[in-house]
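What follows is the content of entry.txt, which has compact mmCIF, C-alpha atoms:
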# COMPACT_ATOMS: atom_id res chain seq x y z
CA MET A 1 0.00 0.00 0.00
CA ALA A 2 1.03 3.61 -0.44
CA ALA A 3 -0.68 6.89 0.29
CA ILE A 4 0.04 10.52 -0.48
CA SER A 5 -2.19 12.61 1.74
CA PRO A 6 -2.14 15.80 3.80
CA GLN A 7 -0.50 13.74 6.57
CA PRO A 8 3.09 12.42 6.32
CA THR A 9 1.87 9.06 5.03
CA PHE A 10 4.23 8.52 2.12
CA GLU A 11 7.43 8.00 4.09
CA GLY A 12 8.40 7.42 7.67
CA ASP A 13 6.53 5.98 10.60
CA ILE A 14 2.92 7.16 10.80
CA PHE A 15 2.63 5.89 14.37
CA SER A 16 5.05 8.53 15.60
CA ALA A 17 4.05 11.22 13.06
CA GLN A 18 2.64 14.56 14.13
CA LEU A 19 -0.85 15.65 13.09
CA VAL A 20 -0.99 18.10 10.17
CA HIS A 21 -3.91 20.48 10.61
CA THR A 22 -5.43 23.56 9.00
CA ASP A 23 -7.94 26.28 9.67
CA SER A 24 -8.37 27.15 5.98
CA ASN A 25 -11.06 24.47 5.39
CA LEU A 26 -8.71 22.81 2.89
CA LEU A 27 -6.25 20.03 3.63
CA ALA A 28 -3.70 19.89 0.81
CA CYS A 29 -1.36 16.95 0.24
CA ALA A 30 2.20 16.83 1.53
CA GLU A 31 3.84 16.05 -1.80
CA PRO A 32 6.96 13.87 -1.85
CA ASP A 33 10.05 14.30 -4.04
CA TYR A 34 8.90 12.78 -7.33
CA LYS A 35 12.32 12.56 -8.97
CA PRO A 36 13.24 9.10 -7.58
CA PHE A 37 10.05 7.73 -9.16
CA ILE A 38 9.47 9.62 -12.41
CA PRO A 39 12.07 10.46 -15.09
CA GLY A 40 12.67 14.22 -15.41
CA ASN A 41 11.61 14.28 -19.05
CA SER A 42 8.18 12.86 -18.13
CA LEU A 43 7.86 14.85 -14.92
CA ARG A 44 8.02 18.21 -16.67
CA ARG A 45 4.70 17.62 -18.41
CA MET A 46 2.70 16.21 -15.51
CA THR A 47 0.36 18.17 -13.28
CA ARG A 48 -0.08 17.54 -9.57
CA VAL A 49 -2.58 14.72 -9.43
CA LEU A 50 -0.80 12.79 -12.16
CA LYS A 51 2.45 12.96 -10.23
CA MET A 52 0.72 12.01 -6.99
CA GLY A 53 -1.22 9.13 -8.56
CA LEU A 54 1.72 7.71 -10.49
CA THR A 55 4.14 8.01 -7.56
CA ALA A 56 1.72 6.40 -5.09
CA ALA A 57 1.13 3.54 -7.56
CA LEU A 58 4.87 3.00 -8.12
CA LYS A 59 5.62 3.07 -4.39
CA CYS A 60 2.80 0.57 -3.80
CA SER A 61 4.18 -1.79 -6.46
CA GLN A 62 7.68 -1.37 -5.03
CA GLU A 63 6.50 -2.19 -1.52
CA SER A 64 4.65 -5.31 -2.64
CA GLY A 65 7.64 -6.49 -4.66
CA ILE A 66 5.61 -6.69 -7.88
CA THR A 67 7.54 -4.93 -10.63
CA THR A 68 5.04 -5.47 -13.45
CA PRO A 69 1.49 -5.12 -12.20
CA GLY A 70 -1.36 -7.17 -13.59
CA PRO A 71 -4.68 -5.39 -13.89
CA ILE A 72 -4.59 -1.68 -12.99
CA VAL A 73 -7.94 -0.50 -11.63
CA THR A 74 -8.53 2.96 -10.25
CA GLY A 75 -11.26 5.35 -9.22
CA THR A 76 -11.41 9.12 -9.35
CA GLY A 77 -14.24 11.58 -8.95
CA LYS A 78 -12.71 14.39 -10.96
CA GLY A 79 -9.37 13.27 -12.46
CA SER A 80 -6.88 16.03 -13.20
CA LEU A 81 -8.70 19.24 -12.40
CA GLN A 82 -5.61 21.37 -13.11
CA ASP A 83 -5.48 20.09 -16.68
CA THR A 84 -9.24 20.35 -17.16
CA GLU A 85 -9.26 23.95 -15.94
CA LYS A 86 -6.24 24.86 -18.09
CA PHE A 87 -7.79 23.32 -21.20
CA ILE A 88 -11.14 25.07 -20.67
CA LYS A 89 -9.45 28.44 -20.01
CA GLU A 90 -7.40 28.07 -23.20
CA ILE A 91 -10.53 27.28 -25.23
CA VAL A 92 -11.87 30.66 -24.16
CA GLU A 93 -8.57 32.55 -24.35
CA TYR A 94 -7.63 31.32 -27.83
CA LYS A 95 -11.18 31.15 -29.14
CA GLU A 96 -11.03 27.39 -29.77
CA THR A 97 -7.85 27.60 -31.87
CA ALA A 98 -4.18 26.82 -31.11
CA LEU A 99 -4.95 24.55 -28.16
CA ASN A 100 -2.17 22.69 -26.39
CA PRO A 101 -2.63 18.92 -26.61
CA THR A 102 -1.12 18.14 -23.19
CA PRO A 103 -3.86 19.52 -20.88
CA PHE A 104 -6.51 17.87 -23.04
CA ILE A 105 -4.78 14.48 -22.97
CA GLN A 106 -4.12 14.69 -19.26
CA SER A 107 -7.59 15.93 -18.37
CA THR A 108 -9.03 12.53 -19.28
CA TYR A 109 -9.77 10.43 -16.22
CA ASN A 110 -7.66 7.45 -17.25
CA SER A 111 -4.41 9.41 -17.64
CA VAL A 112 -2.92 8.14 -14.38
CA ASN A 113 -3.67 4.54 -15.35
CA GLY A 114 -2.05 5.12 -18.73
CA LEU A 115 1.07 6.57 -17.14
CA ILE A 116 1.38 3.66 -14.71
CA ALA A 117 0.99 1.15 -17.54
CA LEU A 118 3.53 2.97 -19.74
CA GLN A 119 6.12 3.30 -17.01
CA GLN A 120 5.64 -0.26 -15.76
CA LYS A 121 5.33 -1.72 -19.28
CA CYS A 122 2.05 -3.29 -18.31
CA THR A 123 -0.35 -4.36 -21.06
CA ALA A 124 -2.94 -6.09 -18.86
CA TYR A 125 -6.49 -4.96 -18.03
CA ASN A 126 -6.65 -1.23 -17.35
CA ASN A 127 -9.74 0.59 -16.14
CA THR A 128 -10.70 3.81 -14.35
CA PHE A 129 -14.07 4.23 -12.63
CA VAL A 130 -15.60 7.70 -12.38
CA HIS A 131 -18.69 7.45 -10.19
CA ARG A 132 -18.44 10.34 -7.71
CA GLY A 133 -18.50 8.88 -4.18
CA PHE A 134 -18.50 5.32 -5.52
CA SER A 135 -15.46 5.74 -7.80
CA PHE A 136 -12.90 3.96 -5.63
CA GLU A 137 -15.45 1.44 -4.41
CA ASN A 138 -16.30 0.37 -7.96
CA ALA A 139 -12.59 0.00 -8.67
CA LEU A 140 -12.38 -2.17 -5.58
CA LEU A 141 -15.39 -4.25 -6.60
CA ASP A 142 -13.99 -4.74 -10.10
CA SER A 143 -10.63 -5.77 -8.64
CA MET A 144 -12.28 -8.30 -6.35
CA MET A 145 -14.13 -9.81 -9.31
CA LEU A 146 -10.87 -9.98 -11.29
CA LEU A 147 -9.23 -11.83 -8.39
CA GLN A 148 -12.21 -14.18 -8.22
CA GLU A 149 -11.76 -14.88 -11.94
CA GLY A 150 -8.14 -15.87 -11.37
CA ALA A 151 -5.97 -12.74 -11.50
CA THR A 152 -3.08 -13.23 -9.08
CA HIS A 153 -2.99 -9.58 -8.06
CA THR A 154 -4.33 -6.16 -8.98
CA LEU A 155 -3.01 -2.65 -8.53
CA THR A 156 -6.04 -0.80 -7.21
CA GLY A 157 -6.23 2.81 -6.15
CA ALA A 158 -7.77 6.23 -6.18
CA PHE A 159 -6.61 9.80 -6.70
CA GLU A 160 -8.16 13.22 -6.30
CA GLU A 161 -6.99 16.80 -6.18
CA ILE A 162 -8.56 20.07 -5.09
CA THR A 163 -7.85 23.34 -6.88
CA LYS A 164 -8.62 26.92 -5.91
CA GLU A 165 -11.37 27.13 -8.56
CA HIS A 166 -12.94 23.83 -7.64
CA PHE A 167 -12.88 24.72 -3.95
CA TYR A 168 -14.73 27.94 -4.81
CA ILE A 169 -17.32 26.20 -7.02
CA LYS A 170 -18.02 23.59 -4.33
CA SER A 171 -18.26 26.26 -1.66
CA ARG A 172 -21.06 27.90 -3.68
CA ILE A 173 -23.14 24.71 -3.36
CA GLY A 174 -22.48 24.26 0.33
CA PHE A 175 -19.86 21.53 0.33
CA TRP A 176 -17.57 23.38 2.74
CA LYS A 177 -18.16 25.10 6.06
CA ASP A 178 -18.68 28.83 5.70
CA GLN A 179 -16.52 29.67 8.72
CA PRO A 180 -12.80 28.79 9.01
CA THR A 181 -12.71 25.60 11.04
CA ASP A 182 -9.72 24.07 12.77
CA SER A 183 -9.47 20.57 11.32
CA ARG A 184 -8.59 19.25 14.80
CA GLU A 185 -12.00 20.44 15.98
CA LEU A 186 -13.92 19.15 12.94
CA TYR A 187 -16.25 16.81 14.81
CA ARG A 188 -17.00 19.31 17.58
CA HIS A 189 -18.38 21.93 15.20
CA LEU A 190 -21.44 20.40 13.66
CA SER A 191 -22.60 22.81 10.97
CA PRO A 192 -23.46 22.52 7.28
CA GLY A 193 -20.53 21.43 5.10
CA SER A 194 -17.15 19.87 5.77
CA ILE A 195 -13.51 20.66 4.90
CA ALA A 196 -11.96 19.91 1.52
CA GLY A 197 -9.20 17.40 0.95
CA GLU A 198 -7.30 15.39 -1.60
CA GLY A 199 -5.05 12.36 -1.89
CA ALA A 200 -3.70 9.41 -3.85
CA THR A 201 -3.86 5.92 -2.37
CA PHE A 202 -2.92 2.57 -3.92
CA PHE A 203 -3.19 -1.04 -2.84
CA THR A 204 -1.86 -4.30 -4.18
CA LEU A 205 -4.71 -6.76 -3.82
CA THR A 206 -4.25 -10.51 -3.89
CA GLY A 207 -6.72 -13.37 -3.82
CA THR A 208 -4.91 -15.12 -0.98
CA PRO A 209 -2.95 -13.50 1.84
CA THR A 210 0.84 -13.17 1.61
CA PRO A 211 3.33 -12.52 4.44
CA GLN A 212 3.26 -8.83 3.47
CA SER A 213 -0.54 -8.54 3.55
CA TYR A 214 -1.95 -5.84 5.82
CA ALA A 215 -5.52 -7.05 6.11
CA ALA A 216 -8.27 -9.06 4.45
CA ILE A 217 -11.46 -7.52 3.08
CA SER A 218 -14.03 -10.03 4.20
CA ASP A 219 -17.20 -8.18 3.24
CA PHE A 220 -18.20 -5.19 1.17
CA ARG A 221 -21.47 -3.41 0.49
CA MET A 222 -22.52 -0.27 -1.33
CA LEU A 223 -25.85 1.48 -0.78
CA TYR A 224 -27.19 4.36 -2.84
CA LYS A 225 -29.23 7.03 -1.03
CA PRO A 226 -30.62 4.74 1.69
CA THR A 227 -33.17 5.99 4.20
CA GLY A 228 -32.00 6.02 7.83
CA ASN A 229 -34.07 2.92 8.49
CA LYS A 230 -32.67 1.05 5.49
CA LEU A 231 -29.15 1.96 6.54
CA THR A 232 -29.76 0.64 10.06
CA ILE A 233 -31.08 -2.66 8.71
CA ALA A 234 -28.13 -2.93 6.31
CA LEU A 235 -25.54 -2.15 9.02
CA ARG A 236 -27.02 -4.71 11.44
CA ALA A 237 -27.14 -7.36 8.72
CA PHE A 238 -23.62 -6.52 7.54
CA THR A 239 -21.66 -7.53 10.61
CA GLU A 240 -21.83 -8.49 14.23
CA ALA A 241 -20.01 -6.25 16.68
CA PRO A 242 -16.55 -5.45 15.27
CA ASP A 243 -13.58 -4.61 17.52
CA LEU A 244 -13.20 -1.13 16.03
CA ILE A 245 -15.13 1.16 13.69
CA ILE A 246 -13.50 3.60 11.28
CA THR A 247 -15.92 6.22 10.04
CA GLY A 248 -16.05 8.95 7.44
CA ARG A 249 -17.67 11.38 9.90
CA ASN A 250 -16.92 14.89 8.64
CA GLY A 251 -18.65 17.44 10.87
CA ASP A 252 -21.39 18.09 8.30
CA SER A 253 -24.66 18.57 10.17
CA ASN A 254 -26.67 17.83 7.00
CA PHE A 255 -25.60 14.19 6.99
CA GLU A 256 -24.56 13.52 10.59
CA HIS A 257 -27.77 11.53 11.15
CA TYR A 258 -26.35 8.62 9.13
CA TYR A 259 -23.43 8.35 11.55
CA GLN A 260 -25.86 8.52 14.44
CA GLU A 261 -27.58 5.44 12.98
CA LEU A 262 -24.17 3.76 13.08
CA ASP A 263 -23.70 4.81 16.74
CA GLN A 264 -27.03 3.22 17.63
CA CYS A 265 -26.25 0.00 15.79
CA PHE A 266 -22.91 -0.51 17.55
CA PRO A 267 -23.03 1.21 20.96
CA GLY A 268 -19.85 1.11 23.02
CA ILE A 269 -17.54 0.11 20.16
CA PRO A 270 -14.64 2.54 19.77
CA GLN A 271 -14.79 4.71 16.66
CA LEU A 272 -12.04 6.51 14.78
CA PRO A 273 -13.11 9.19 12.31
CA PHE A 274 -10.54 9.98 9.62
CA LYS A 275 -11.73 13.09 7.72
CA HIS A 276 -9.76 15.47 9.97
CA LEU A 277 -6.68 13.78 8.47
CA CYS A 278 -7.50 13.91 4.76
CA GLY A 279 -10.53 16.19 4.30
CA GLU A 280 -13.62 15.31 2.29
CA TYR A 281 -13.41 14.24 -1.37
CA ASP A 282 -14.99 11.70 -3.70
CA THR A 283 -12.38 9.00 -3.09
CA ALA A 284 -11.55 9.71 0.57
CA GLY A 285 -12.73 6.16 1.30
CA ALA A 286 -9.46 4.85 -0.14
CA PHE A 287 -7.52 6.77 2.49
CA GLY A 288 -9.85 5.45 5.21
CA LEU A 289 -9.30 1.88 4.00
CA TRP A 290 -5.53 2.43 3.96
CA LEU A 291 -5.66 3.72 7.55
CA ALA A 292 -7.80 0.78 8.69
CA ALA A 293 -5.38 -1.72 7.14
CA ARG A 294 -2.36 0.01 8.73
CA ILE A 295 -4.04 -0.12 12.16
CA LEU A 296 -4.97 -3.78 11.76
CA LYS A 297 -1.46 -4.80 10.80
CA ALA A 298 0.33 -2.71 13.45
CA GLN A 299 -2.29 -3.24 16.16
CA GLN A 300 -1.88 0.38 17.20
CA ILE A 301 -3.18 3.79 16.20
CA PRO A 302 -1.15 6.86 15.20
CA ALA A 303 -1.39 8.46 18.65
CA ALA A 304 -0.92 12.10 17.58
CA TRP A 305 -3.67 11.76 14.97
CA PHE A 306 -6.26 10.69 17.52
CA PRO A 307 -5.62 12.67 20.70
CA GLY A 308 -8.10 11.99 23.43
CA ILE A 309 -8.81 8.47 22.20
CA GLY A 310 -7.64 6.01 24.76
CA HIS A 311 -6.10 2.69 24.03
CA LEU A 312 -7.50 0.37 21.42
CA PRO A 313 -9.09 -2.87 22.43
CA THR A 314 -6.29 -5.35 21.89
CA PRO A 315 -6.05 -7.37 19.87
CA VAL A 316 -8.11 -5.85 17.05
CA HIS A 317 -9.31 -8.71 14.88
CA SER A 318 -11.94 -6.91 12.84
CA ILE A 319 -12.71 -3.38 11.72
CA LEU A 320 -15.96 -2.06 10.30
CA PHE A 321 -15.35 0.77 7.86
CA TYR A 322 -18.32 2.99 7.08
CA ASN A 323 -18.26 6.10 4.91
CA HIS A 324 -20.67 8.06 2.77
CA PHE A 325 -20.31 10.89 0.30
CA TYR A 326 -22.79 13.69 1.02
CA GLY A 327 -25.53 11.25 1.93
CA GLU A 328 -25.65 9.63 -1.50
CA GLN A 329 -23.04 6.89 -1.84
CA HIS A 330 -22.70 4.75 1.31
CA VAL A 331 -19.97 2.13 1.76
CA MET A 332 -19.46 -0.62 4.33
CA LEU A 333 -16.33 -2.71 4.42
CA LYS A 334 -15.31 -5.37 6.87
CA LEU A 335 -11.59 -5.84 7.39
CA GLU A 336 -10.04 -8.73 9.24
CA LYS A 337 -6.57 -9.44 10.52
CA VAL A 338 -4.53 -11.89 8.46
CA MET B 339 18.23 36.64 -36.33
CA GLU B 340 20.32 36.16 -33.14
CA GLU B 341 17.71 38.02 -31.13
CA LEU B 342 14.93 35.85 -32.60
CA LYS B 343 16.81 32.62 -31.76
CA LYS B 344 17.39 33.76 -28.18
CA LYS B 345 13.71 34.61 -27.76
CA LEU B 346 12.68 31.32 -29.37
CA LYS B 347 14.85 29.31 -26.97
CA GLU B 348 13.23 31.08 -24.01
CA GLN B 349 9.77 30.37 -25.42
CA ILE B 350 10.58 26.69 -26.00
CA ILE B 351 11.85 26.30 -22.43
CA GLU B 352 8.72 27.90 -21.04
CA ALA B 353 6.24 26.10 -23.31
CA LEU B 354 7.74 22.66 -22.71
CA ASN B 355 8.63 23.30 -19.05
CA LEU B 356 12.25 22.25 -19.63
CA GLN B 357 13.38 22.48 -16.05
CA ASP B 358 17.14 22.84 -15.50
CA THR B 359 17.65 24.00 -19.13
CA LYS B 360 18.87 27.51 -19.92
CA PRO B 361 18.74 29.19 -23.35
CA GLU B 362 22.56 29.02 -23.60
CA ASP B 363 22.36 25.21 -23.14
CA ILE B 364 20.53 24.86 -26.46
CA ASP B 365 22.78 24.74 -29.50
CA ASP B 366 21.27 26.54 -32.50
CA ASN B 367 21.84 23.58 -34.81
CA ALA B 368 21.37 20.68 -32.38
CA PRO B 369 18.41 18.40 -33.21
CA LEU B 370 15.41 19.11 -31.02
CA PHE B 371 14.10 15.52 -31.19
CA GLY B 372 15.81 12.24 -30.36
CA GLU B 373 19.28 13.50 -29.50
CA GLY B 374 19.87 17.07 -28.37
CA LEU B 375 16.92 18.17 -26.24
CA GLY B 376 15.33 14.71 -26.50
CA LEU B 377 11.84 15.98 -27.26
CA ASP B 378 9.00 13.68 -28.32
CA SER B 379 5.91 13.72 -30.56
CA ILE B 380 3.71 15.55 -28.04
CA ASP B 381 6.40 18.25 -27.79
CA SER B 382 6.23 18.66 -31.57
CA LEU B 383 2.51 19.44 -31.26
CA GLU B 384 3.29 21.90 -28.46
CA LEU B 385 5.87 23.62 -30.71
CA MET B 386 3.31 23.91 -33.52
CA VAL B 387 0.97 25.59 -31.01
CA LEU B 388 3.84 27.88 -29.97
CA LEU B 389 4.36 28.99 -33.59
CA GLU B 390 0.65 29.68 -33.95
CA ARG B 391 0.25 31.56 -30.66
CA GLN B 392 3.47 33.56 -30.63
CA TYR B 393 4.07 34.14 -34.35
CA HIS B 394 0.60 33.58 -35.86
CA ILE B 395 2.00 30.96 -38.22
CA LYS B 396 -0.06 27.84 -38.86
CA VAL B 397 1.80 24.84 -40.25
CA GLU B 398 -0.75 22.83 -42.22
CA ASP B 399 1.51 20.17 -43.77
CA PRO B 400 3.02 17.72 -41.23
CA ARG B 401 5.92 16.95 -43.64
CA GLU B 402 6.76 20.63 -43.65
CA GLY B 403 6.55 20.63 -39.84
CA ARG B 404 9.21 17.95 -39.60
CA LYS B 405 11.69 20.13 -41.49
CA ILE B 406 10.78 23.29 -39.58
CA LEU B 407 11.17 21.70 -36.14
CA GLN B 408 14.60 20.19 -36.80
CA SER B 409 16.46 22.78 -34.73
CA VAL B 410 16.19 26.27 -33.28
CA GLN B 411 18.02 27.49 -36.39
CA SER B 412 15.45 25.94 -38.78
CA MET B 413 12.56 27.27 -36.70
CA ALA B 414 14.01 30.78 -36.65
CA GLU B 415 14.64 30.71 -40.41
CA PHE B 416 11.04 29.59 -41.00
CA ILE B 417 9.63 32.34 -38.74
CA GLN B 418 11.77 34.95 -40.46
CA SER B 419 10.66 33.77 -43.89
CA LYS B 420 7.03 34.26 -42.88
CA GLN B 421 7.48 37.74 -41.45
CA PRO B 422 6.69 40.70 -43.66
CA ALA B 423 9.83 42.23 -45.25

Please express what this file holds, its structure, as structure tokens.
Amino acid sequence: MAAISPQPTFEGDIFSAQLVHTDSNLLACAEPDYKPFIPGNSLRRMTRVLKMGLTAALKCSQESGITTPGPIVTGTGKGSLQDTEKFIKEIVEYKETALNPTPFIQSTYNSVNGLIALQQKCTAYNNTFVHRGFSFENALLDSMMLLQEGATHTLTGAFEEITKEHFYIKSRIGFWKDQPTDSRELYRHLSPGSIAGEGATFFTLTGTPTPQSYAAISDFRMLYKPTGNKLTIALRAFTEAPDLIITGRNGDSNFEHYYQELDQCFPGIPQLPFKHLCGEYDTAGAFGLWLAARILKAQQIPAAWFPGIGHLPTPVHSILFYNHFYGEQHVMLKLEKV
Amino acid sequence: MEELKKKLKEQIIEALNLQDTKPEDIDDNAPLFGEGLGLDSIDSLELMVLLERQYHIKVEDPREGRKILQSVQSMAEFIQSKQPA
């Protein structure tokens, strides 16, 4: 696994890392040095999310010891916004003439997948899912089906970026809080909207566990726009009491009631929310899954990221992951120790 | 002509984001593609766009484009030939 996020997740020990926070309502990624991963001649043309996505994918492959990936399956809500915005601005500026090919090529959602395949010389199955809050989850579902059909492994991930323009557009439709909010206090200030975020997260998935495996995904369910009652029924049917719950709680009062349903279904089970670490975005679930798997493998939590949370129940055998994207796309995952 | 070549080198560096390259690093007659700067086919499209945006010259024939984009020298000569006397 590999993650580029607003926290120092790409390198070093996350369990002793400090918490990165903001009061600007936007958590931007801590970008690594890309040069060890991407040749300079390719790097010069790439925009931020392409560099983040490709580098996270390469680090993930490196960590798993798989030099040529099999199927590459990703999810993204928006793809490269920087390229999209540049291309659209140039259409206006140059009156639909003399347009640069690069922003157009790179604005397509499957650019990151293409770059991974080119750099890794991989000619296997290659697909990018673009389904808003279900983008990563559909990539995950597709990967699981590929494994079931006999693929030995998949490179599965998600990437998203936030730009100044996109932050502004989303703020106009109430995605973000209208007052500057300290990300450390996110869950204490219930009000409409959340804080923006971004990230690139990749996993190597295998059909059977290996000594390097972090966790096993033992169950998975997606629900579209459920009522509170339907969600409760689905959560109760999904799993018996897990040892730990990781939630996508994000301080948004418009959709907090879904998390309250979760509280009622599993009273007394410790919960770790993760949106104060990465912000809210279409594929934030990939970061949450990465965090859950890290916790399961290490059997500890990054202490500075969760101040005030006491010790975990030890050992943690199972984690319920629950997240939703603005009340529409709801995801439940059950992770187990391997 | 020397002034045009200097300006062209600066524009190429900016348009193609050639980090760590300075105008004086580019030899007037060195090939832009393959050896020399090591540019590729997407760069050739970017250079066509550069000619159109900066000098209002549209290259319609791709075979002609190949000759024009051989080097900074050939690009400068082409630009000069298209400018009013």

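Counting from CA of Glu348 in chain B, the distance to CA of Ser412 in chain B is 15.8 Å.
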
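Of note, CA of Leu346 in chain B and CA of Phe87 in chain A are spaced 23.4 Å apart.
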
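Take CA of Asn355 in chain B and CA of Leu26 in chain A: the distance between them is 28.0 Å.
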
- [ ] For chain B, work out the contacting residues on chain A at 12 Å, counting only C-alpha atoms, and write them as a list in words.
- [x] Gly40, Asn41, Ser42, Leu43, Arg44, Arg45, Met46, Thr47, Glu90, Glu93, Tyr94, Lys95, Thr97, Ala98, Leu99, Asn100, Pro101, Thr102, Pro103, Phe104, Ile105 and Gln106 of chain A

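Near Gln411 in chain B, within 8 Å and counting all atoms listed in the file, sit Lys343, Asp366, Asn367, Ala414 and Glu415 of chain B, not including residues fewer than 3 positions from it in the same chain.
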
Task: Counting all atoms listed in the file, the option among A:Ala158, A:Met52, A:Ile72, A:Ala2 closest to Phe136 in chain A - done: A:Ala158

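Comparing B:Lys344, B:Gln421, B:Ile395, B:Ile406 by their smallest distance to Asp365 in chain B, the closest is B:Lys344 (using all atoms listed in the file).
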
TODO: Excluding Thr163 in chain A and any residue of its chain fewer than 5 positions from it, enumerate the residues within 9 Å of it, using all atoms listed in the file, and give them as a VMD selection string.
DONE: chain A and resid 81 to 82 168

Task: Residues within 9 Å of Asp252 in chain A, all atoms listed in the file, excluding chain neighbours under 2 positions, as a ChimeraX atom specification - done: /A:175-177,186-187,189-195,249-250,254-256,326

Open item on the list: Give me, as an NGL selection string, all polymer residues having an atom no more than 8 Å from range 7-14 of chain A, counting only C-alpha atoms and skipping those fewer than 6 positions away in the same chain.
Closed with: :A and (20 or 29-30 or 32 or 56 or 277-278 or 302)

Just to be explicit: take each residue in the selection above, keep C-alpha atoms, and write the result as an mmCIF file, in the frame of the given file.
data_model
loop_
_atom_site.group_PDB
_atom_site.id
_atom_site.type_symbol
_atom_site.label_atom_id
_atom_site.label_comp_id
_atom_site.auth_asym_id
_atom_site.auth_seq_id
_atom_site.Cartn_x
_atom_site.Cartn_y
_atom_site.Cartn_z
ATOM 1 C CA VAL A 20 -0.990 18.100 10.170
ATOM 2 C CA CYS A 29 -1.360 16.950 0.240
ATOM 3 C CA ALA A 30 2.200 16.830 1.530
ATOM 4 C CA PRO A 32 6.960 13.870 -1.850
ATOM 5 C CA ALA A 56 1.720 6.400 -5.090
ATOM 6 C CA LEU A 277 -6.680 13.780 8.470
ATOM 7 C CA CYS A 278 -7.500 13.910 4.760
ATOM 8 C CA PRO A 302 -1.150 6.860 15.200
#

Around (-15.5, -0.1, -10.3) in the file's own coordinates, what residues are found within 12 Å if you use all atoms listed in the file, given back as a PDB file with C-alpha atoms, in the coordinates of the input?
ATOM      1  CA  ILE A  72      -4.590  -1.680 -12.990  1.00  0.00           C
ATOM      2  CA  VAL A  73      -7.940  -0.500 -11.630  1.00  0.00           C
ATOM      3  CA  THR A  74      -8.530   2.960 -10.250  1.00  0.00           C
ATOM      4  CA  GLY A  75     -11.260   5.350  -9.220  1.00  0.00           C
ATOM      5  CA  THR A  76     -11.410   9.120  -9.350  1.00  0.00           C
ATOM      6  CA  GLY A  77     -14.240  11.580  -8.950  1.00  0.00           C
ATOM      7  CA  ASN A 126      -6.650  -1.230 -17.350  1.00  0.00           C
ATOM      8  CA  ASN A 127      -9.740   0.590 -16.140  1.00  0.00           C
ATOM      9  CA  THR A 128     -10.700   3.810 -14.350  1.00  0.00           C
ATOM     10  CA  PHE A 129     -14.070   4.230 -12.630  1.00  0.00           C
ATOM     11  CA  VAL A 130     -15.600   7.700 -12.380  1.00  0.00           C
ATOM     12  CA  HIS A 131     -18.690   7.450 -10.190  1.00  0.00           C
ATOM     13  CA  ARG A 132     -18.440  10.340  -7.710  1.00  0.00           C
ATOM     14  CA  GLY A 133     -18.500   8.880  -4.180  1.00  0.00           C
ATOM     15  CA  PHE A 134     -18.500   5.320  -5.520  1.00  0.00           C
ATOM     16  CA  SER A 135     -15.460   5.740  -7.800  1.00  0.00           C
ATOM     17  CA  PHE A 136     -12.900   3.960  -5.630  1.00  0.00           C
ATOM     18  CA  GLU A 137     -15.450   1.440  -4.410  1.00  0.00           C
ATOM     19  CA  ASN A 138     -16.300   0.370  -7.960  1.00  0.00           C
ATOM     20  CA  ALA A 139     -12.590   0.000  -8.670  1.00  0.00           C
ATOM     21  CA  LEU A 140     -12.380  -2.170  -5.580  1.00  0.00           C
ATOM     22  CA  LEU A 141     -15.390  -4.250  -6.600  1.00  0.00           C
ATOM     23  CA  ASP A 142     -13.990  -4.740 -10.100  1.00  0.00           C
ATOM     24  CA  SER A 143     -10.630  -5.770  -8.640  1.00  0.00           C
ATOM     25  CA  MET A 144     -12.280  -8.300  -6.350  1.00  0.00           C
ATOM     26  CA  MET A 145     -14.130  -9.810  -9.310  1.00  0.00           C
ATOM     27  CA  LEU A 146     -10.870  -9.980 -11.290  1.00  0.00           C
ATOM     28  CA  THR A 156      -6.040  -0.800  -7.210  1.00  0.00           C
ATOM     29  CA  GLY A 157      -6.230   2.810  -6.150  1.00  0.00           C
ATOM     30  CA  ALA A 158      -7.770   6.230  -6.180  1.00  0.00           C
ATOM     31  CA  MET A 222     -22.520  -0.270  -1.330  1.00  0.00           C
TER      32      MET A 222
END

Once you add 8 Å to each side, what are the centre and edge lengths of the axis-aligned box holding all listed atoms of range 353-369 of chain B? One decimal in Å, as AutoDock Vina command-line options, if you can.
--center_x 14.5 --center_y 23.8 --center_z -25.2 --size_x 32.5 --size_y 26.8 --size_z 35.3
